[in-house]
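Containing CSV, C-alpha atoms and all ligand atoms: structure.csv.
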chain,number,residue,atom,x,y,z
A,235,MET,CA,-238.4,121.1,-32.9
A,236,HIS,CA,-240.7,118.7,-34.8
A,237,ILE,CA,-241.8,118.9,-38.4
A,238,HIS,CA,-244.5,117.2,-40.4
A,239,GLU,CA,-244.1,114.0,-42.4
A,240,TYR,CA,-244.5,115.9,-45.7
A,241,GLN,CA,-241.6,118.2,-44.7
A,242,ALA,CA,-239.4,115.3,-43.7
A,243,LYS,CA,-240.0,113.8,-47.0
A,244,GLU,CA,-239.1,117.0,-48.8
A,245,ILE,CA,-235.8,116.9,-47.0
A,246,PHE,CA,-235.4,113.1,-47.8
A,247,ARG,CA,-235.7,113.8,-51.5
A,248,GLN,CA,-233.1,116.5,-51.3
A,249,PHE,CA,-230.7,113.9,-49.9
A,250,ASN,CA,-231.4,111.2,-52.4
A,251,ILE,CA,-233.8,109.2,-50.3
A,252,GLN,CA,-236.6,107.8,-52.4
A,253,THR,CA,-240.2,108.3,-51.2
A,254,PRO,CA,-243.6,107.5,-52.8
A,255,GLU,CA,-244.9,110.4,-54.9
A,256,SER,CA,-247.2,112.7,-53.0
A,257,ILE,CA,-249.1,116.0,-53.0
A,258,LEU,CA,-249.9,118.2,-50.0
A,259,ILE,CA,-253.5,119.6,-49.9
A,260,ASN,CA,-255.3,122.0,-47.7
A,261,ASN,CA,-258.9,121.3,-48.7
A,262,THR,CA,-261.0,118.5,-50.2
A,263,LEU,CA,-261.4,120.3,-53.5
A,264,GLU,CA,-257.7,119.9,-54.2
A,265,SER,CA,-257.9,116.1,-53.7
A,266,VAL,CA,-259.4,115.1,-57.0
A,267,HIS,CA,-256.7,117.0,-58.9
A,268,ALA,CA,-254.0,115.5,-56.7
A,269,CYS,CA,-255.3,111.9,-57.4
A,270,GLU,CA,-255.3,112.6,-61.2
A,271,LYS,CA,-251.8,114.1,-61.1
A,272,LEU,CA,-250.5,111.1,-59.1
A,273,GLY,CA,-252.3,108.6,-61.3
A,274,GLY,CA,-252.7,104.9,-60.4
A,275,ASN,CA,-255.5,103.2,-58.6
A,276,LEU,CA,-254.5,103.3,-55.0
A,277,TRP,CA,-254.0,106.4,-52.9
A,278,VAL,CA,-253.3,107.0,-49.2
A,279,VAL,CA,-254.7,110.0,-47.4
A,280,LYS,CA,-252.4,110.9,-44.5
A,281,ALA,CA,-253.2,113.4,-41.7
A,282,GLN,CA,-250.3,115.8,-41.1
A,283,VAL,CA,-249.9,116.1,-37.4
A,284,HIS,CA,-246.8,116.2,-35.1
A,285,ALA,CA,-247.4,112.7,-33.7
A,286,GLY,CA,-246.8,109.1,-34.7
A,287,GLY,CA,-249.3,106.3,-34.4
A,288,ARG,CA,-251.6,108.0,-37.0
A,289,GLY,CA,-252.4,104.7,-38.6
A,290,LYS,CA,-253.8,103.4,-35.3
A,291,GLY,CA,-255.7,106.7,-34.7
A,292,GLY,CA,-257.5,106.5,-38.1
A,293,GLY,CA,-255.3,109.2,-39.6
A,294,VAL,CA,-253.9,107.1,-42.5
A,295,ILE,CA,-256.6,106.0,-44.9
A,296,LEU,CA,-256.1,103.7,-48.0
A,297,CYS,CA,-258.4,104.5,-50.8
A,298,LYS,CA,-259.2,102.7,-54.1
A,299,THR,CA,-261.3,105.4,-55.7
A,300,LYS,CA,-261.1,109.2,-56.0
A,301,GLU,CA,-264.5,109.4,-54.3
A,302,ALA,CA,-263.1,107.5,-51.3
A,303,VAL,CA,-260.2,109.9,-51.2
A,304,GLU,CA,-262.7,112.8,-51.1
A,305,LEU,CA,-264.7,111.2,-48.3
A,306,ALA,CA,-261.5,110.6,-46.4
A,307,CYS,CA,-260.4,114.2,-46.8
A,308,ASP,CA,-263.8,115.5,-45.6
A,309,LYS,CA,-263.7,113.2,-42.6
A,310,LEU,CA,-260.2,114.3,-41.5
A,311,LEU,CA,-259.7,117.9,-42.4
A,312,GLY,CA,-260.7,120.3,-39.6
A,313,THR,CA,-260.9,117.7,-36.9
A,314,ASN,CA,-258.4,116.7,-34.2
A,315,LEU,CA,-256.5,113.4,-34.5
A,316,VAL,CA,-256.0,111.4,-31.4
A,317,THR,CA,-253.3,108.8,-31.5
A,318,PRO,CA,-251.5,106.7,-28.9
A,319,GLN,CA,-248.8,109.4,-29.0
A,320,THR,CA,-251.1,112.5,-28.4
A,321,ASP,CA,-253.1,113.5,-25.3
A,322,SER,CA,-256.9,113.0,-25.3
A,323,LYS,CA,-257.5,116.3,-27.1
A,324,GLY,CA,-255.3,115.3,-30.1
A,325,LEU,CA,-253.8,117.6,-32.7
A,326,PRO,CA,-255.5,119.6,-35.3
A,327,ILE,CA,-255.5,118.3,-38.9
A,328,GLU,CA,-255.0,121.3,-41.2
A,329,LYS,CA,-253.2,119.6,-44.1
A,330,LEU,CA,-253.3,116.2,-45.7
A,331,LEU,CA,-250.7,114.4,-47.8
A,332,ILE,CA,-252.2,112.5,-50.7
A,333,GLU,CA,-249.7,109.7,-51.6
A,334,SER,CA,-249.5,107.1,-54.3
A,335,GLY,CA,-250.4,103.8,-52.7
A,336,GLN,CA,-247.6,101.2,-52.6
A,337,ASN,CA,-247.7,97.4,-52.7
A,338,ILE,CA,-245.6,96.5,-49.7
A,339,GLU,CA,-243.5,93.3,-49.6
A,340,GLN,CA,-241.6,94.1,-46.5
A,341,GLU,CA,-241.6,96.8,-43.8
A,342,LEU,CA,-238.3,97.8,-42.1
A,343,TYR,CA,-237.3,100.3,-39.4
A,344,LEU,CA,-234.4,102.6,-39.8
A,345,GLY,CA,-233.5,105.4,-37.5
A,346,LEU,CA,-230.5,107.5,-36.1
A,347,LEU,CA,-230.1,109.1,-32.8
A,348,VAL,CA,-227.3,110.0,-30.4
A,349,ASP,CA,-226.7,107.3,-27.8
A,350,ARG,CA,-225.6,109.1,-24.7
A,351,GLN,CA,-224.1,106.0,-23.2
A,352,THR,CA,-221.7,105.3,-26.0
A,353,GLN,CA,-221.5,108.9,-27.1
A,354,LYS,CA,-222.0,108.0,-30.7
A,355,ILE,CA,-224.5,108.6,-33.4
A,356,THR,CA,-226.2,105.3,-33.4
A,357,ILE,CA,-228.1,103.6,-36.2
A,358,LEU,CA,-231.1,101.5,-35.2
A,359,ALA,CA,-232.4,99.1,-37.8
A,360,SER,CA,-235.0,96.3,-37.7
A,361,THR,CA,-236.9,93.9,-39.8
A,362,GLU,CA,-239.9,94.6,-37.6
A,363,GLY,CA,-240.9,97.9,-39.3
A,364,GLY,CA,-244.3,99.5,-39.3
A,365,MET,CA,-244.8,98.6,-35.7
A,366,ASP,CA,-244.2,100.4,-32.4
A,367,ILE,CA,-240.4,100.3,-32.3
A,368,GLU,CA,-240.4,100.9,-28.5
A,369,LYS,CA,-242.5,97.7,-28.2
A,370,VAL,CA,-240.1,95.7,-30.4
A,371,ALA,CA,-237.1,97.1,-28.3
A,372,SER,CA,-238.7,96.0,-25.0
A,373,GLU,CA,-240.2,92.6,-26.1
A,374,THR,CA,-237.7,91.3,-28.7
A,375,PRO,CA,-234.6,93.4,-28.3
A,376,ASP,CA,-232.6,90.9,-30.4
A,377,LYS,CA,-234.6,92.1,-33.4
A,378,ILE,CA,-233.0,95.5,-33.2
A,379,ILE,CA,-229.6,96.0,-34.8
A,380,LYS,CA,-227.6,98.8,-33.2
A,381,PHE,CA,-224.6,100.3,-34.9
A,382,GLY,CA,-222.5,103.1,-33.4
A,383,VAL,CA,-220.8,105.3,-36.0
A,384,ASP,CA,-217.1,106.1,-35.3
A,385,PRO,CA,-217.1,109.7,-34.2
A,386,LEU,CA,-213.6,110.3,-35.7
A,387,GLY,CA,-214.7,108.8,-39.1
A,388,ASP,CA,-217.8,108.9,-41.1
A,389,LEU,CA,-220.4,106.4,-42.1
A,390,ASP,CA,-219.2,104.5,-45.2
A,391,SER,CA,-220.7,102.1,-47.6
A,392,ASN,CA,-219.0,99.1,-45.8
A,393,ASP,CA,-220.9,100.0,-42.7
A,394,CYS,CA,-224.1,100.2,-44.7
A,395,ALA,CA,-223.4,96.8,-46.3
A,396,TYR,CA,-222.9,95.3,-42.8
A,397,ILE,CA,-226.3,96.7,-41.6
A,398,ALA,CA,-228.0,95.6,-44.9
A,399,ARG,CA,-226.6,92.1,-44.4
A,400,GLU,CA,-228.0,92.0,-40.9
A,401,LEU,CA,-231.4,93.0,-42.3
A,402,GLY,CA,-231.2,90.3,-45.0
A,403,ILE,CA,-230.9,92.9,-47.8
A,404,SER,CA,-228.8,92.0,-50.7
A,405,GLY,CA,-228.6,92.1,-54.5
A,406,ASN,CA,-229.9,95.2,-56.3
A,407,LEU,CA,-231.6,96.4,-53.1
A,408,LEU,CA,-228.2,97.0,-51.4
A,409,GLU,CA,-227.4,100.1,-53.4
A,410,GLN,CA,-230.8,101.6,-52.7
A,411,PHE,CA,-230.4,100.8,-49.0
A,412,THR,CA,-227.0,102.3,-48.9
A,413,ASN,CA,-228.2,105.5,-50.5
A,414,THR,CA,-231.0,105.8,-48.0
A,415,LEU,CA,-228.8,105.3,-45.0
A,416,LEU,CA,-226.1,107.6,-46.2
A,417,GLY,CA,-228.7,110.2,-46.9
A,418,LEU,CA,-230.1,109.9,-43.4
A,419,TYR,CA,-226.6,110.2,-41.9
A,420,GLU,CA,-226.0,113.3,-44.0
A,421,ILE,CA,-229.2,114.9,-42.9
A,422,PHE,CA,-228.5,114.0,-39.3
A,423,THR,CA,-225.0,115.5,-39.3
A,424,THR,CA,-225.7,118.7,-41.3
A,425,LYS,CA,-229.1,119.7,-40.0
A,426,ASP,CA,-228.5,119.5,-36.2
A,427,VAL,CA,-230.9,116.6,-35.9
A,428,SER,CA,-231.6,114.8,-32.6
A,429,LEU,CA,-233.7,112.0,-34.1
A,430,ILE,CA,-234.4,110.8,-37.6
A,431,GLU,CA,-236.6,107.9,-38.3
A,432,ILE,CA,-238.2,106.0,-41.2
A,433,ASN,CA,-240.9,103.7,-40.0
A,434,PRO,CA,-241.7,101.9,-42.2
A,435,LEU,CA,-238.9,101.8,-44.8
A,436,ILE,CA,-240.6,99.6,-47.3
A,437,ILE,CA,-239.5,97.2,-50.0
A,438,THR,CA,-242.2,97.2,-52.7
A,439,ASP,CA,-243.3,94.4,-55.0
A,440,GLU,CA,-241.2,96.2,-57.7
A,441,GLU,CA,-238.0,95.8,-55.6
A,442,LYS,CA,-237.9,99.5,-54.7
A,443,ILE,CA,-236.8,100.8,-51.3
A,444,LEU,CA,-239.0,103.8,-50.2
A,445,ALA,CA,-239.4,105.9,-47.1
A,446,LEU,CA,-243.2,105.4,-46.5
A,447,ASP,CA,-243.1,107.6,-43.4
A,448,GLY,CA,-240.7,110.2,-42.1
A,449,LYS,CA,-239.9,111.8,-38.7
A,450,ILE,CA,-237.2,114.3,-38.0
A,451,ASP,CA,-236.7,116.1,-34.7
A,452,PHE,CA,-234.2,119.0,-34.5
A,453,ASP,CA,-232.0,120.1,-31.6
A,454,ASP,CA,-233.7,123.3,-30.3
A,455,ASN,CA,-230.3,124.7,-29.1
A,456,ALA,CA,-229.0,124.7,-32.7
A,457,ILE,CA,-232.1,125.7,-34.5
A,458,TYR,CA,-230.9,129.4,-34.7
A,459,ARG,CA,-228.4,128.3,-37.4
A,460,GLN,CA,-230.9,126.2,-39.4
A,461,GLU,CA,-233.1,129.0,-40.9
A,462,ASP,CA,-234.6,126.7,-43.6
A,463,ILE,CA,-235.7,124.3,-40.9
A,464,LEU,CA,-237.0,127.0,-38.6
A,465,SER,CA,-239.2,128.3,-41.4
A,466,MET,CA,-240.9,124.8,-41.3
A,467,ARG,CA,-242.2,125.4,-37.8
A,468,ASP,CA,-246.0,124.9,-37.4
A,469,THR,CA,-247.1,126.4,-34.2
A,470,SER,CA,-250.7,125.0,-34.7
A,471,GLN,CA,-249.2,121.7,-33.5
A,472,GLU,CA,-247.7,123.1,-30.4
A,473,GLU,CA,-249.1,123.8,-26.9
A,474,GLU,CA,-250.0,127.4,-26.6
A,475,LYS,CA,-248.4,127.8,-23.2
A,476,GLU,CA,-245.2,126.2,-24.5
A,477,ILE,CA,-245.0,128.7,-27.4
A,478,LEU,CA,-245.5,131.6,-24.9
A,479,ALA,CA,-242.8,130.1,-22.6
A,480,SER,CA,-240.3,129.7,-25.5
A,481,GLU,CA,-240.8,133.4,-26.4
A,482,HIS,CA,-239.5,134.2,-22.9
A,483,GLN,CA,-236.7,131.7,-22.9
A,484,LEU,CA,-238.5,129.5,-20.4
A,485,ASN,CA,-238.4,125.7,-20.7
A,486,TYR,CA,-242.0,124.9,-20.0
A,487,ILE,CA,-243.9,121.6,-20.4
A,488,SER,CA,-247.6,121.2,-19.2
A,489,LEU,CA,-248.4,118.2,-17.1
A,490,ASP,CA,-251.6,117.0,-15.6
A,491,GLY,CA,-250.9,117.4,-11.8
A,492,THR,CA,-251.9,120.1,-9.4
A,493,ILE,CA,-248.6,121.6,-8.1
A,494,GLY,CA,-247.0,124.3,-10.3
A,495,CYS,CA,-243.2,124.2,-10.2
A,496,MET,CA,-240.8,127.1,-10.8
A,497,VAL,CA,-237.2,125.9,-10.7
A,498,ASN,CA,-233.8,127.0,-12.0
A,499,GLY,CA,-232.0,124.3,-13.8
A,500,ALA,CA,-233.4,121.3,-15.6
A,501,GLY,CA,-231.9,118.7,-13.3
A,502,LEU,CA,-233.1,120.5,-10.2
A,503,ALA,CA,-236.6,120.8,-11.8
A,504,MET,CA,-236.6,117.0,-12.4
A,505,ALA,CA,-235.5,116.4,-8.8
A,506,THR,CA,-238.2,118.8,-7.5
A,507,MET,CA,-240.9,117.0,-9.5
A,508,ASP,CA,-239.7,113.6,-8.2
A,509,LEU,CA,-239.8,114.9,-4.6
A,510,ILE,CA,-243.4,116.2,-5.0
A,511,GLU,CA,-244.5,112.8,-6.4
A,512,HIS,CA,-242.6,111.1,-3.6
A,513,HIS,CA,-244.6,113.0,-1.0
A,514,GLY,CA,-247.9,112.2,-2.6
A,515,GLY,CA,-248.4,115.3,-4.9
A,516,SER,CA,-248.2,115.6,-8.6
A,517,PRO,CA,-246.5,118.4,-10.7
A,518,ALA,CA,-248.6,120.5,-13.0
A,519,ASN,CA,-245.7,121.4,-15.1
A,520,PHE,CA,-242.0,121.2,-15.8
A,521,LEU,CA,-240.4,124.7,-15.7
A,522,ASP,CA,-236.8,125.6,-15.9
A,523,VAL,CA,-236.4,129.4,-15.6
A,524,GLY,CA,-232.8,129.2,-16.5
A,525,GLY,CA,-229.6,130.4,-14.9
A,526,GLY,CA,-229.7,134.2,-15.4
A,527,THR,CA,-233.2,134.6,-14.0
A,528,THR,CA,-234.7,138.1,-14.0
A,529,ALA,CA,-237.7,139.5,-12.2
A,530,ASP,CA,-239.4,139.8,-15.5
A,531,ARG,CA,-238.9,136.1,-16.3
A,532,VAL,CA,-240.1,135.1,-12.8
A,533,ALA,CA,-243.2,137.2,-13.4
A,534,LYS,CA,-243.9,135.5,-16.8
A,535,ALA,CA,-243.3,132.1,-15.2
A,536,PHE,CA,-245.9,132.9,-12.5
A,537,GLU,CA,-248.4,134.0,-15.1
A,538,LEU,CA,-248.0,130.8,-17.0
A,539,ILE,CA,-248.3,128.6,-13.9
A,540,GLN,CA,-251.4,130.5,-12.6
A,541,THR,CA,-253.3,130.0,-15.9
A,542,GLU,CA,-253.1,126.2,-15.7
A,543,PRO,CA,-256.7,125.4,-14.6
A,544,ASN,CA,-255.7,122.5,-12.4
A,545,VAL,CA,-253.0,124.2,-10.3
A,546,ARG,CA,-253.7,124.3,-6.6
A,547,GLY,CA,-250.3,125.6,-5.3
A,548,VAL,CA,-246.9,126.7,-6.4
A,549,LEU,CA,-243.5,125.5,-5.3
A,550,VAL,CA,-240.5,127.8,-6.2
A,551,ASN,CA,-237.2,126.1,-5.8
A,552,ILE,CA,-234.2,128.2,-6.6
A,553,PHE,CA,-230.5,127.4,-6.1
A,554,GLY,CA,-228.5,130.6,-6.1
A,555,GLY,CA,-225.3,129.7,-7.8
A,556,ILE,CA,-224.6,132.5,-10.3
A,557,VAL,CA,-227.8,134.4,-9.3
A,558,ARG,CA,-228.1,135.8,-5.8
A,559,CYS,CA,-231.1,134.6,-3.7
A,560,ASP,CA,-231.9,138.1,-2.5
A,561,LEU,CA,-232.3,139.3,-6.1
A,562,ILE,CA,-234.5,136.3,-6.8
A,563,ALA,CA,-236.6,137.1,-3.7
A,564,GLU,CA,-237.1,140.7,-4.9
A,565,GLY,CA,-238.0,139.3,-8.3
A,566,ILE,CA,-240.6,137.0,-6.7
A,567,ILE,CA,-242.2,139.9,-4.8
A,568,GLN,CA,-242.2,142.1,-8.0
A,569,ALA,CA,-243.8,139.3,-9.9
A,570,ILE,CA,-246.5,138.8,-7.3
A,571,GLU,CA,-247.2,142.5,-7.2
A,572,ARG,CA,-247.6,142.4,-11.0
A,573,VAL,CA,-249.6,139.3,-11.5
A,574,GLY,CA,-251.3,138.8,-8.1
A,575,LEU,CA,-251.2,135.8,-5.9
A,576,VAL,CA,-254.2,133.6,-5.9
A,577,LEU,CA,-252.6,130.3,-4.9
A,578,PRO,CA,-250.6,129.1,-1.9
A,579,ILE,CA,-246.9,129.4,-2.5
A,580,VAL,CA,-243.9,127.8,-1.0
A,581,VAL,CA,-240.4,129.2,-1.8
A,582,ARG,CA,-237.3,127.3,-1.1
A,583,LEU,CA,-234.1,129.3,-1.5
A,584,GLU,CA,-230.6,127.8,-1.2
A,585,GLY,CA,-227.1,129.1,-2.1
A,586,THR,CA,-225.7,132.6,-2.4
A,587,ASN,CA,-227.4,135.0,0.1
A,588,ALA,CA,-230.1,132.5,0.8
A,589,PRO,CA,-230.8,133.8,4.4
A,590,LYS,CA,-231.2,137.3,3.1
A,591,GLY,CA,-233.5,136.2,0.4
A,592,LEU,CA,-235.7,134.3,2.8
A,593,GLU,CA,-235.8,137.3,5.1
A,594,ILE,CA,-237.0,139.5,2.3
A,595,LEU,CA,-239.9,137.1,1.5
A,596,ASN,CA,-240.8,136.7,5.2
A,597,GLU,CA,-241.0,140.4,5.7
A,598,SER,CA,-243.1,141.0,2.6
A,599,ASN,CA,-246.8,141.7,2.8
A,600,PHE,CA,-247.7,138.5,1.0
A,601,SER,CA,-248.4,135.2,2.6
A,602,ILE,CA,-245.4,133.3,1.2
A,603,HIS,CA,-244.2,130.2,3.0
A,604,THR,CA,-240.5,130.0,3.0
A,605,GLU,CA,-238.3,126.9,3.5
A,606,ALA,CA,-234.6,126.3,3.4
A,607,ASP,CA,-235.0,122.5,3.2
A,608,LEU,CA,-236.3,121.0,0.0
A,609,THR,CA,-238.0,118.0,1.5
A,610,LYS,CA,-239.9,120.3,4.0
A,611,ALA,CA,-240.8,122.6,1.1
A,612,ALA,CA,-242.2,119.7,-0.9
A,613,LEU,CA,-244.2,118.4,2.1
A,614,LYS,CA,-245.6,121.8,2.7
A,615,ILE,CA,-246.8,122.5,-0.8
A,616,VAL,CA,-248.4,119.0,-1.0
A,617,GLU,CA,-250.2,119.8,2.2
A,618,LEU,CA,-251.3,123.3,1.1
A,619,SER,CA,-252.5,122.2,-2.3
A,620,LYS,CA,-254.7,119.3,-1.0
B,1,LIG,P1,-247.9,106.3,-38.5
B,1,LIG,O1,-249.0,105.4,-38.1
B,1,LIG,O2,-248.2,107.7,-38.0
B,1,LIG,O3,-246.6,105.8,-38.2
B,1,LIG,O4,-248.1,106.5,-40.1
B,1,LIG,P2,-247.4,105.7,-41.3
B,1,LIG,O5,-247.0,106.6,-42.4
B,1,LIG,O6,-246.2,104.8,-40.8
B,1,LIG,O7,-248.6,104.7,-41.9
B,1,LIG,C1,-249.1,103.7,-41.0
B,1,LIG,C2,-249.2,102.4,-41.8
B,1,LIG,O8,-250.1,102.6,-42.9
B,1,LIG,C3,-248.0,101.9,-42.4
B,1,LIG,O9,-247.2,101.2,-41.4
B,1,LIG,C4,-248.5,101.0,-43.5
B,1,LIG,O10,-248.7,99.7,-42.9
B,1,LIG,C5,-249.8,101.6,-43.9
B,1,LIG,N1,-249.6,102.3,-45.2
B,1,LIG,C6,-249.2,103.6,-45.4
B,1,LIG,N2,-249.0,103.9,-46.7
B,1,LIG,C7,-249.3,102.7,-47.3
B,1,LIG,C8,-249.3,102.3,-48.7
B,1,LIG,O11,-249.0,103.1,-49.6
B,1,LIG,N3,-249.7,101.0,-49.0
B,1,LIG,C9,-250.0,100.2,-48.0
B,1,LIG,N4,-250.4,98.9,-48.4
B,1,LIG,N5,-250.0,100.5,-46.7
B,1,LIG,C10,-249.7,101.7,-46.4
B,2,MN,MN,-244.9,105.3,-39.2

This entry written out as structure tokens:
Amino acid sequence: MHIHEYQAKEIFRQFNIQTPESILINNTLESVHACEKLGGNLWVVKAQVHAGGRGKGGGVILCKTKEAVELACDKLLGTNLVTPQTDSKGLPIEKLLIESGQNIEQELYLGLLVDRQTQKITILASTEGGMDIEKVASETPDKIIKFGVDPLGDLDSNDCAYIARELGISGNLLEQFTNTLLGLYEIFTTKDVSLIEINPLIITDEEKILALDGKIDFDDNAIYRQEDILSMRDTSQEEEKEILASEHQLNYISLDGTIGCMVNGAGLAMATMDLIEHHGGSPANFLDVGGGTTADRVAKAFELIQTEPNVRGVLVNIFGGIVRCDLIAEGIIQAIERVGLVLPIVVRLEGTNAPKGLEILNESNFSIHTEADLTKAALKIVELSK
């Protein structure tokens, strides 16, 4: 689950990470009051959307007067923000963060994630903050400091001091840096975080270390036990289809191809998409219907896929491990009876009772193409959806 920058900063403050002062607003009228309350003579108007790269997309506006703040609010509110990290439609701007402008001496990057290779919570730090960190990582990897936290221990102030030294931070900045990093680690380990990032972490002309931006992603599988986080969910920032899918425990991601995919198991779903691409097609979605698939879920999945405007055909690929293929076949038929069949469909069944499942489909009144072989199934659907 993603949250907004203003929500990330609320969490930061609870964990002793310093941020610039800011006020969240919903309409332009509130902006004058916000500026007066913040004081100073530089304000930053920041669009709250679930995507980075807002600066590049025009969603972060520095203002020297209250009138400029008002203009910026009028310009942004109610529009969609397109950034290098969104699709061409962008994301709706419903809230703005008005922040006290800072005089920046230096921009750093600081983030934590789980490195699957080393199986450790890994700290990434760089002196090249404020930029696209993926670009820094690919073009100048030596500018990124990686530090794996000992899974049997904890992050301690010696570790922080080591990372600070690598970043060239010393003197009275060291304590501020240590507090920031320990705070991030505490949030990461207590809130079921999958990624936490401050880009940029700034050093101001007054020698203050502040989180100028904040991004926190949470592990969806653990979100049930993070009620305070779940209450921060903003569905206006999510794809409608993906919300519907999550209500039915389906893992669904819209893509821009033409072949709808319905697969059980994320790995098999990825392999299926690869195979479609390999044979000249392109998947319209990623969909994992899960292990204990029911007829009802299959029907919902069909509905979702058929409402994608660009879909020209559907490939169903089910491996019967725990589930039996004959039950899946019956589920597919029930689903088609319920939602109708308007597109060519190829079904590949493999595993427990596969022959029986294929027989059920072949004997049905619908024109369902069956295949036991995955490559042949992929070739068939690519051909049918041309
Ligand atoms: P992002 O583009 O979505 O990552 O949004 P950020 O919150 O990181 O803001 C983008 C950029 O705007 C930052 O990297 C800064 O360079 C600039 N910026 C944001 N706030 C301030 C500020 O208070 N003062 C100055 N001088 N620049 C700012
Ligand atoms: Mn940023």

Under the rule that only C-alpha atoms and all ligand atoms are counted, which of A:Glu511, A:Asp321, A:Glu431, A:Glu304 is the nearest residue to ligand LIG 1 (chain B)?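 Among the listed residues, the smallest separation from ligand LIG 1 (chain B) belongs to A:Glu431.
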
Output the neighbourhood of ligand MN 2 (chain B) as a VMD selection string, that is, all protein and nucleic acid residues with some atom at most 10 Å from the ligand, counting only C-alpha atoms and all ligand atoms. chain A and resid 239 285 to 290 294 343 363 to 367 431 to 435 445 to 449

Report, as lines of an AutoDock Vina configuration file, the centre and edge lengths in Å (one decimal) of the axis-aligned box enclosing every listed atom of ligand LIG 1 (chain B), padded by 3 Å on each side.
center_x = -248.3
center_y = 103.3
center_z = -43.8
size_x = 10.2
size_y = 14.8
size_z = 17.6

Proximity to ligand LIG 1 (chain B) - best of A:Leu618, A:Leu386, A:Ile436, A:Leu561, all atoms listed in the file: A:Ile436

Nearest to Leu258 of chain A among A:Ile332, A:Leu342, A:Ile295, A:Leu276, with distances taken over only C-alpha atoms: which residue is it?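 Selected residue with least distance to Leu258 of chain A: A:Ile332.
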
Is there a way to get, as a list in words, all residues within 7 Å of the point (-238.6, 126.7, -18.8) in file coordinates, counting only C-alpha atoms?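 Within 7 Å of (-238.6, 126.7, -18.8), the protein and nucleic acid residues are Ala479, Gln483, Leu484, Asn485, Tyr486, Leu521, Asp522, Val523 and Gly524 of chain A.
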
Using all atoms listed in the file - which residues lie no farther than 10 Å from the point (-261.5, 118.2, -53.0) in the file's frame? Write them as a ChimeraX atom specification. /A:259-269,300-301,303-305,307-308

Just the residues within 8 Å of Ile567 of chain A, please, counting all atoms listed in the file, with nothing from its chain fewer than 4 positions along; format it as a list in words.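 Listing them by chain and then by number gives Ala563, Glu571, Leu595 and Ser598 of chain A.
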
Given the choices A:Leu415, A:Val383, A:Leu444, A:Leu311, which gets closest to Ile338 of chain A if the distance is worked out from all atoms listed in the file?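 Of A:Leu415, A:Val383, A:Leu444, A:Leu311, the one nearest Ile338 of chain A, counting all atoms listed in the file, is A:Leu444.
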
Nearest to Gly499 of chain A, restricted to all atoms listed in the file and choosing among A:Phe520, A:Phe536, A:Tyr396, A:Trp277, comes out as A:Phe520
